[in-house]
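As stored in upload_3.pdb (PDB, C-alpha atoms, pLDDT in the B column):
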ATOM      1  CA  MET D  10     -34.992   4.874 -13.114  1.00 86.00           C
ATOM      2  CA  MET D  11     -31.455   3.553 -12.730  1.00 89.00           C
ATOM      3  CA  PRO D  12     -32.305   1.169  -9.837  1.00 91.00           C
ATOM      4  CA  VAL D  13     -35.160  -0.344 -11.855  1.00 94.00           C
ATOM      5  CA  ILE D  14     -32.877  -1.028 -14.824  1.00 94.00           C
ATOM      6  CA  LEU D  15     -30.222  -2.401 -12.467  1.00 95.00           C
ATOM      7  CA  VAL D  16     -32.724  -4.885 -10.972  1.00 96.00           C
ATOM      8  CA  ILE D  17     -33.769  -5.951 -14.481  1.00 96.00           C
ATOM      9  CA  HIS D  18     -30.090  -6.344 -15.381  1.00 97.00           C
ATOM     10  CA  VAL D  19     -29.434  -8.636 -12.400  1.00 97.00           C
ATOM     11  CA  LEU D  20     -32.556 -10.706 -13.153  1.00 97.00           C
ATOM     12  CA  LEU D  21     -31.426 -11.109 -16.764  1.00 97.00           C
ATOM     13  CA  ALA D  22     -28.008 -12.294 -15.572  1.00 97.00           C
ATOM     14  CA  ALA D  23     -29.614 -14.887 -13.298  1.00 97.00           C
ATOM     15  CA  ALA D  24     -31.922 -16.038 -16.099  1.00 96.00           C
ATOM     16  CA  ILE D  25     -28.994 -16.464 -18.487  1.00 96.00           C
ATOM     17  CA  ILE D  26     -27.188 -18.600 -15.925  1.00 95.00           C
ATOM     18  CA  VAL D  27     -30.242 -20.820 -15.424  1.00 93.00           C
ATOM     19  CA  ILE D  28     -30.925 -21.208 -19.162  1.00 92.00           C
ATOM     20  CA  VAL D  29     -27.304 -22.085 -19.914  1.00 91.00           C
ATOM     21  CA  LEU D  30     -27.243 -24.668 -17.136  1.00 91.00           C
ATOM     22  CA  ILE D  31     -30.457 -26.264 -18.427  1.00 88.00           C
ATOM     23  CA  GLN D  32     -29.046 -26.796 -21.912  1.00 84.00           C
ATOM     24  CA  LYS D  33     -27.741 -30.216 -22.858  1.00 76.00           C
ATOM     25  CA  SER D  34     -23.982 -30.468 -23.099  1.00 69.00           C
ATOM     26  CA  GLU D  35     -22.889 -31.421 -26.593  1.00 66.00           C
ATOM     27  CA  GLY D  36     -19.229 -32.000 -25.885  1.00 59.00           C
ATOM     28  CA  GLY D  37     -19.536 -33.877 -22.632  1.00 54.00           C
ATOM     29  CA  GLY D  38     -17.634 -31.158 -20.777  1.00 51.00           C
ATOM     30  CA  LEU D  39     -16.290 -32.103 -17.349  1.00 51.00           C
ATOM     31  CA  GLY D  40     -17.354 -35.708 -17.896  1.00 49.00           C
ATOM     32  CA  PHE D  41     -21.108 -35.072 -18.015  1.00 55.00           C
ATOM     33  CA  GLY D  42     -22.881 -36.741 -20.899  1.00 52.00           C
ATOM     34  CA  GLY D  43     -26.090 -34.765 -20.908  1.00 52.00           C
ATOM     35  CA  GLY D  44     -28.544 -37.518 -19.985  1.00 53.00           C
ATOM     36  CA  GLY D  45     -31.452 -39.023 -21.871  1.00 54.00           C
ATOM     37  CA  MET D  46     -34.917 -37.899 -22.944  1.00 52.00           C
ATOM     38  CA  SER D  47     -36.323 -36.980 -19.554  1.00 54.00           C
ATOM     39  CA  GLY D  48     -37.670 -33.479 -20.228  1.00 53.00           C
ATOM     40  CA  PHE D  49     -41.029 -32.123 -21.258  1.00 56.00           C
ATOM     41  CA  MET D  50     -39.604 -31.304 -24.697  1.00 56.00           C
ATOM     42  CA  THR D  51     -37.562 -33.483 -26.961  1.00 58.00           C
ATOM     43  CA  GLY D  52     -34.644 -33.186 -29.306  1.00 56.00           C
ATOM     44  CA  ARG D  53     -34.798 -30.430 -31.860  1.00 62.00           C
ATOM     45  CA  SER D  54     -37.601 -28.313 -30.373  1.00 65.00           C
ATOM     46  CA  GLN D  55     -35.802 -28.093 -27.031  1.00 65.00           C
ATOM     47  CA  ALA D  56     -32.559 -26.982 -28.684  1.00 71.00           C
ATOM     48  CA  ASN D  57     -34.377 -24.327 -30.712  1.00 85.00           C
ATOM     49  CA  LEU D  58     -36.280 -22.936 -27.720  1.00 87.00           C
ATOM     50  CA  LEU D  59     -33.263 -22.802 -25.407  1.00 88.00           C
ATOM     51  CA  THR D  60     -31.015 -21.348 -28.113  1.00 89.00           C
ATOM     52  CA  ARG D  61     -33.527 -18.619 -28.931  1.00 92.00           C
ATOM     53  CA  THR D  62     -34.142 -17.894 -25.254  1.00 93.00           C
ATOM     54  CA  THR D  63     -30.407 -17.622 -24.614  1.00 93.00           C
ATOM     55  CA  ALA D  64     -29.962 -15.266 -27.571  1.00 94.00           C
ATOM     56  CA  ILE D  65     -32.869 -13.043 -26.496  1.00 95.00           C
ATOM     57  CA  LEU D  66     -31.668 -12.888 -22.871  1.00 96.00           C
ATOM     58  CA  ALA D  67     -28.098 -12.154 -23.987  1.00 96.00           C
ATOM     59  CA  ALA D  68     -29.287  -9.315 -26.260  1.00 96.00           C
ATOM     60  CA  ALA D  69     -31.400  -7.856 -23.450  1.00 97.00           C
ATOM     61  CA  PHE D  70     -28.454  -8.153 -21.039  1.00 97.00           C
ATOM     62  CA  MET D  71     -26.167  -6.301 -23.456  1.00 97.00           C
ATOM     63  CA  GLY D  72     -28.835  -3.650 -23.962  1.00 97.00           C
ATOM     64  CA  THR D  73     -29.232  -3.029 -20.238  1.00 97.00           C
ATOM     65  CA  SER D  74     -25.426  -2.981 -19.859  1.00 96.00           C
ATOM     66  CA  MET D  75     -25.103  -0.239 -22.469  1.00 96.00           C
ATOM     67  CA  LEU D  76     -28.079   1.670 -21.061  1.00 95.00           C
ATOM     68  CA  LEU D  77     -26.634   1.577 -17.531  1.00 94.00           C
ATOM     69  CA  GLY D  78     -23.260   2.750 -18.836  1.00 92.00           C
ATOM     70  CA  TRP D  79     -24.834   5.622 -20.743  1.00 92.00           C
ATOM     71  CA  MET D  80     -26.948   6.647 -17.727  1.00 91.00           C
ATOM     72  CA  ALA D  81     -23.894   6.603 -15.464  1.00 88.00           C
ATOM     73  CA  SER D  82     -21.945   8.848 -17.843  1.00 85.00           C
ATOM     74  CA  GLN D  83     -24.849  11.311 -18.014  1.00 85.00           C
ATOM     75  CA  GLN D  84     -25.241  11.351 -14.244  1.00 80.00           C
ATOM     76  CA  HIS D  85     -21.580  12.032 -13.437  1.00 70.00           C
ATOM     77  CA  GLY D  86     -20.651  14.126 -16.467  1.00 63.00           C
ATOM     78  CA  ALA D  87     -18.093  13.486 -19.153  1.00 56.00           C
ATOM     79  CA  GLY D  88     -14.371  13.232 -18.537  1.00 65.00           C
ATOM     80  CA  SER D  89     -12.034  10.613 -17.257  1.00 70.00           C
ATOM     81  CA  THR D  90     -11.415   9.850 -13.609  1.00 73.00           C
ATOM     82  CA  LEU D  91      -7.787  10.923 -13.977  1.00 77.00           C
ATOM     83  CA  GLU D  92      -8.783  14.360 -15.305  1.00 75.00           C
ATOM     84  CA  LYS D  93     -11.228  14.816 -12.429  1.00 74.00           C
ATOM     85  CA  ALA D  94      -8.581  13.826  -9.862  1.00 77.00           C
ATOM     86  CA  LEU D  95      -6.021  16.230 -11.320  1.00 78.00           C
ATOM     87  CA  THR D  96      -8.413  19.186 -11.387  1.00 77.00           C
ATOM     88  CA  THR D  97      -9.627  18.444  -7.869  1.00 75.00           C
ATOM     89  CA  GLU D  98      -6.078  18.211  -6.511  1.00 72.00           C
ATOM     90  CA  SER D  99      -4.837  21.343  -8.266  1.00 69.00           C
ATOM     91  CA  SER D 100      -7.810  23.428  -7.120  1.00 69.00           C
ATOM     92  CA  SER D 101      -7.632  22.353  -3.461  1.00 63.00           C
ATOM     93  CA  PRO D 102      -6.426  25.021  -0.998  1.00 65.00           C
ATOM     94  CA  ALA D 103      -3.007  24.865   0.635  1.00 62.00           C
ATOM     95  CA  PRO D 104      -2.966  22.797   3.823  1.00 63.00           C
ATOM     96  CA  ALA D 105      -3.178  24.645   7.124  1.00 63.00           C
ATOM     97  CA  PRO D 106      -0.004  24.758   9.235  1.00 61.00           C
ATOM     98  CA  LEU D 107       0.370  21.947  11.724  1.00 63.00           C
ATOM     99  CA  GLU D 108      -0.082  22.592  15.413  1.00 63.00           C
ATOM    100  CA  GLY D 109       2.982  24.293  16.834  1.00 57.00           C
ATOM    101  CA  GLN D 110       4.002  25.752  13.476  1.00 56.00           C
ATOM    102  CA  GLY D 111       1.675  28.741  13.594  1.00 52.00           C
ATOM    103  CA  SER D 112       2.646  32.354  14.030  1.00 53.00           C
ATOM    104  CA  GLY D 113       3.966  31.760  17.564  1.00 51.00           C
ATOM    105  CA  SER D 114       6.465  29.061  16.646  1.00 50.00           C
ATOM    106  CA  PRO D 115      10.195  29.837  16.779  1.00 53.00           C
ATOM    107  CA  ALA D 116      10.648  29.147  13.059  1.00 53.00           C
ATOM    108  CA  ALA D 117       8.089  31.803  12.161  1.00 52.00           C
ATOM    109  CA  THR D 118       9.447  34.428  14.601  1.00 54.00           C
ATOM    110  CA  PRO D 119      12.153  36.634  13.100  1.00 56.00           C
ATOM    111  CA  ALA D 120      15.529  36.403  14.822  1.00 57.00           C
ATOM    112  CA  ALA D 121      16.997  39.448  16.592  1.00 58.00           C
ATOM    113  CA  PRO D 122      19.655  41.279  14.546  1.00 56.00           C
ATOM    114  CA  ALA D 123      23.243  40.317  15.275  1.00 55.00           C
ATOM    115  CA  PRO D 124      25.160  42.883  17.337  1.00 60.00           C
ATOM    116  CA  THR D 125      28.036  43.039  14.839  1.00 66.00           C
ATOM    117  CA  GLY D 126      25.850  44.600  12.145  1.00 63.00           C
ATOM    118  CA  GLU D 127      25.790  41.520   9.947  1.00 66.00           C
ATOM    119  CA  GLN D 128      22.556  39.898   8.963  1.00 69.00           C
ATOM    120  CA  PRO D 129      21.993  36.496  10.538  1.00 64.00           C
ATOM    121  CA  PRO D 130      21.619  33.593   8.169  1.00 66.00           C
ATOM    122  CA  ALA D 131      18.066  32.929   7.095  1.00 69.00           C
ATOM    123  CA  PRO D 132      16.429  29.925   8.704  1.00 66.00           C
ATOM    124  CA  ALA D 133      16.677  26.823   6.578  1.00 67.00           C
ATOM    125  CA  GLN D 134      13.646  26.276   4.434  1.00 67.00           C
ATOM    126  CA  VAL D 135      12.428  22.732   4.716  1.00 64.00           C
ATOM    127  CA  PRO D 136      10.704  21.715   1.498  1.00 65.00           C
ATOM    128  CA  GLY D 137       7.140  20.576   1.972  1.00 65.00           C
ATOM    129  CA  PRO D 138       5.649  17.523   0.379  1.00 69.00           C
ATOM    130  CA  GLY D 139       5.527  17.789  -3.382  1.00 64.00           C
ATOM    131  CA  PRO D 140       2.478  17.099  -5.504  1.00 67.00           C
ATOM    132  CA  ARG D 141       1.182  13.591  -5.127  1.00 67.00           C
ATOM    133  CA  ALA D 142       0.511  11.394  -8.111  1.00 64.00           C
ATOM    134  CA  PRO D 143      -3.184  10.519  -8.331  1.00 62.00           C
ATOM    135  CA  THR D 144      -3.911   6.929  -7.427  1.00 62.00           C
ATOM    136  CA  ALA D 145      -6.992   4.779  -7.381  1.00 62.00           C
ATOM    137  CA  PRO D 146      -8.360   4.225  -3.867  1.00 66.00           C
ATOM    138  CA  GLY D 147      -7.065   1.070  -2.265  1.00 67.00           C
ATOM    139  CA  VAL D 148      -4.420   0.408  -4.902  1.00 63.00           C
ATOM    140  CA  PRO D 149      -0.841   0.426  -3.598  1.00 65.00           C
ATOM    141  CA  LEU D 150       1.797   2.281  -5.580  1.00 64.00           C
ATOM    142  CA  ALA D 151       4.357   0.209  -7.443  1.00 67.00           C
ATOM    143  CA  LYS D 152       7.894   0.560  -6.167  1.00 62.00           C
TER     144      LYS D 152
END
When written as C-alpha cells, how does the structure in this file appear?
Amino acid sequence: MMPVILVIHVLLAAAIIVIVLIQKSEGGGLGFGGGGMSGFMTGRSQANLLTRTTAILAAAFMGTSMLLGWMASQQHGAGSTLEKALTTESSSPAPAPLEGQGSGSPAATPAAPAPTGEQPPAPAQVPGPGPRAPTAPGVPLAK
C-alpha cells in the first residue's frame, strides 16, 4: 500500500510543478512578462481553473504527505531515533577480546609469585573505550 501512495505522491508533485509553470506571471518575475492571449482559454477563466487546480493538487499532496508519515510511524513503531539508538547500544553484548588478547596472552596469565614473599604489583589496567555518543550515520562529530 505504501509504494502505491508514494507513486501517487510523486505524480502529484510533478503535476504541481507543471501547473505552477503554466500559470501566467503577474509580477514579471525574472524579467518574463507572461505573454499574450495565445492559449485555449482566456483571461479570467484560465486564472480560475489553474488556481483551483493548484489548490486541489496542493491539498492532495499535503494529504499524501501526512498519510505517508503516519504509515511510516506505524510501520516502525513509536519512539524517537535517539531513544532507539540508546537502547540498542546499551543492550548490545560486550565486544569479544581482540586476537592475541585471549586467555593465552601474557596480560591474562597470572604472574609467578615473587620469591621474597611479597605480592607482585597487579598488571596495569588499561581502560577500554568508553560509551560512544550516538550519531547520525554519515554525520561527522563537531570538534
Worksheet entry | Atomic distance CA of Ile31 in chain D - CA of Ala64 in chain D, expressed in Å with one decimal | 14.3 Å
So that I can see what lies close to Ala22 in chain D, please list as an mmCIF file with C-alpha atoms, keeping the file's coordinate frame the residues with an atom at most 9 Å from it, counting only C-alpha atoms and leaving out residues fewer than 3 positions away in the same chain.
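selection00.cif written:
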data_model
loop_
_atom_site.group_PDB
_atom_site.id
_atom_site.type_symbol
_atom_site.label_atom_id
_atom_site.label_comp_id
_atom_site.auth_asym_id
_atom_site.auth_seq_id
_atom_site.Cartn_x
_atom_site.Cartn_y
_atom_site.Cartn_z
ATOM 1 C CA ILE D 17 -33.769 -5.951 -14.481
ATOM 2 C CA HIS D 18 -30.090 -6.344 -15.381
ATOM 3 C CA VAL D 19 -29.434 -8.636 -12.400
ATOM 4 C CA ILE D 25 -28.994 -16.464 -18.487
ATOM 5 C CA ILE D 26 -27.188 -18.600 -15.925
ATOM 6 C CA VAL D 27 -30.242 -20.820 -15.424
ATOM 7 C CA LEU D 66 -31.668 -12.888 -22.871
ATOM 8 C CA ALA D 67 -28.098 -12.154 -23.987
ATOM 9 C CA PHE D 70 -28.454 -8.153 -21.039
#
Worksheet item: In Å, with one decimal, what is the gap from CA of Glu92 in chain D to CA of Met11 in chain D?
Response: 25.2 Å
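Here CA of Ile14 in chain D is placed at a distance of 27.8 Å from CA of Leu91 in chain D.
Across D:Ser74, D:Gln83, D:Thr96, D:Thr90, the tightest approach to Val16 in chain D is made by D:Ser74 when counting all atoms listed in the file.
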